[in-house]
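K.L.:
My questions will all concern the structure given below.
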Amino acid sequence: MYPERYHLVLLLDGRPTMHGWWADEAVARRKVASWIGAYGQAGARVTLTDEETGTVLTEWPDQG
């Protein structure tokens, strides 16, 4: 079990710039929106992963 299972990563131009871990998915998803608002620019990528399952929950920009 992962106590802080939701891992958020911000990449700028392919380089990891910020990481965050949260136990609550709703909090982690709010952080996604916050990071996109603050850092959403050309070359930025935000990914939220459930570390317990290995599932990518959301990516920005959307990879469709």
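Ordering of the structure tokens sets the chain letters (A, B, ...), residue numbers begin anew at 1 in every chain, and ligands are numbered from 1 in the order given.
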Among region 3-37 of chain A, which residues carry a DSSP assignment of strand (DSSP E), reported as a list in words?

P.N.:
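Filtering region 3-37 of chain A to strand (DSSP E) leaves Tyr6, His7, Leu8, Val9, Leu10, Leu11, Leu12, Arg15, Pro16, Thr17, Met18, His19, Gly20, Trp21 and Trp22 of chain A.
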
K.L.:
Using only C-alpha atoms, which residues sit within 9 Å of Asp13 (chain A) once same-chain residues fewer than 4 positions away are excluded, as a list in words?

P.N.:
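Result of the neighbour search: Ala42, Gly43, Ala44 and Arg45 of chain A.
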
K.L.:
Quick one: everything within 8 Å of Tyr6 (chain A), counting only C-alpha atoms, minus sequence neighbours fewer than 3 positions away in the same chain. Send it as a PyMOL selection string.

P.N.:
chain A and resi 21-25+28+48-51

K.L.:
Next, dump the selected residues to file, keeping only N, CA and C atoms, as a short mmCIF file (atom, residue, chain, number, x, y, z; two decimals), in the first residue's frame.

P.N.:
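Heads up, here's the output in result_38.cif:
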```
data_model
loop_
_atom_site.label_atom_id
_atom_site.label_comp_id
_atom_site.auth_asym_id
_atom_site.auth_seq_id
_atom_site.Cartn_x
_atom_site.Cartn_y
_atom_site.Cartn_z
N TRP A 21 3.44 14.24 -4.19
CA TRP A 21 2.77 12.99 -3.86
C TRP A 21 1.65 13.29 -2.88
N TRP A 22 0.47 12.70 -3.13
CA TRP A 22 -0.68 12.89 -2.26
C TRP A 22 -1.37 11.57 -1.99
N ALA A 23 -1.96 11.46 -0.81
CA ALA A 23 -2.71 10.26 -0.44
C ALA A 23 -4.12 10.30 -1.00
N ASP A 24 -4.64 11.49 -1.24
CA ASP A 24 -6.02 11.67 -1.68
C ASP A 24 -6.06 12.03 -3.17
N GLU A 25 -6.79 11.25 -3.96
CA GLU A 25 -6.85 11.49 -5.40
C GLU A 25 -7.46 12.84 -5.74
N ALA A 28 -4.92 15.50 -5.35
CA ALA A 28 -3.94 15.41 -6.43
C ALA A 28 -4.49 15.97 -7.73
N LEU A 48 -0.26 12.73 -13.89
CA LEU A 48 -0.68 12.21 -12.59
C LEU A 48 -0.78 10.70 -12.71
N THR A 49 -0.05 9.99 -11.83
CA THR A 49 0.02 8.53 -11.86
C THR A 49 -0.39 7.96 -10.51
N ASP A 50 -1.16 6.87 -10.56
CA ASP A 50 -1.49 6.10 -9.37
C ASP A 50 -0.33 5.13 -9.17
N GLU A 51 0.51 5.38 -8.19
CA GLU A 51 1.70 4.57 -7.98
C GLU A 51 1.37 3.15 -7.53
#
```

K.L.:
Just list the residues in region 2-56 of chain A DSSP gives alpha helix (DSSP H) on the backbone, as a PyMOL selection string.

P.N.:
chain A and resi 25-39

K.L.:
Could you tell me how far CA of Thr17 (chain A) lies from CA of Glu52 (chain A), in Å and to one decimal?

P.N.:
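Atom-to-atom, CA of Thr17 (chain A) to CA of Glu52 (chain A), that is 22.5 Å.
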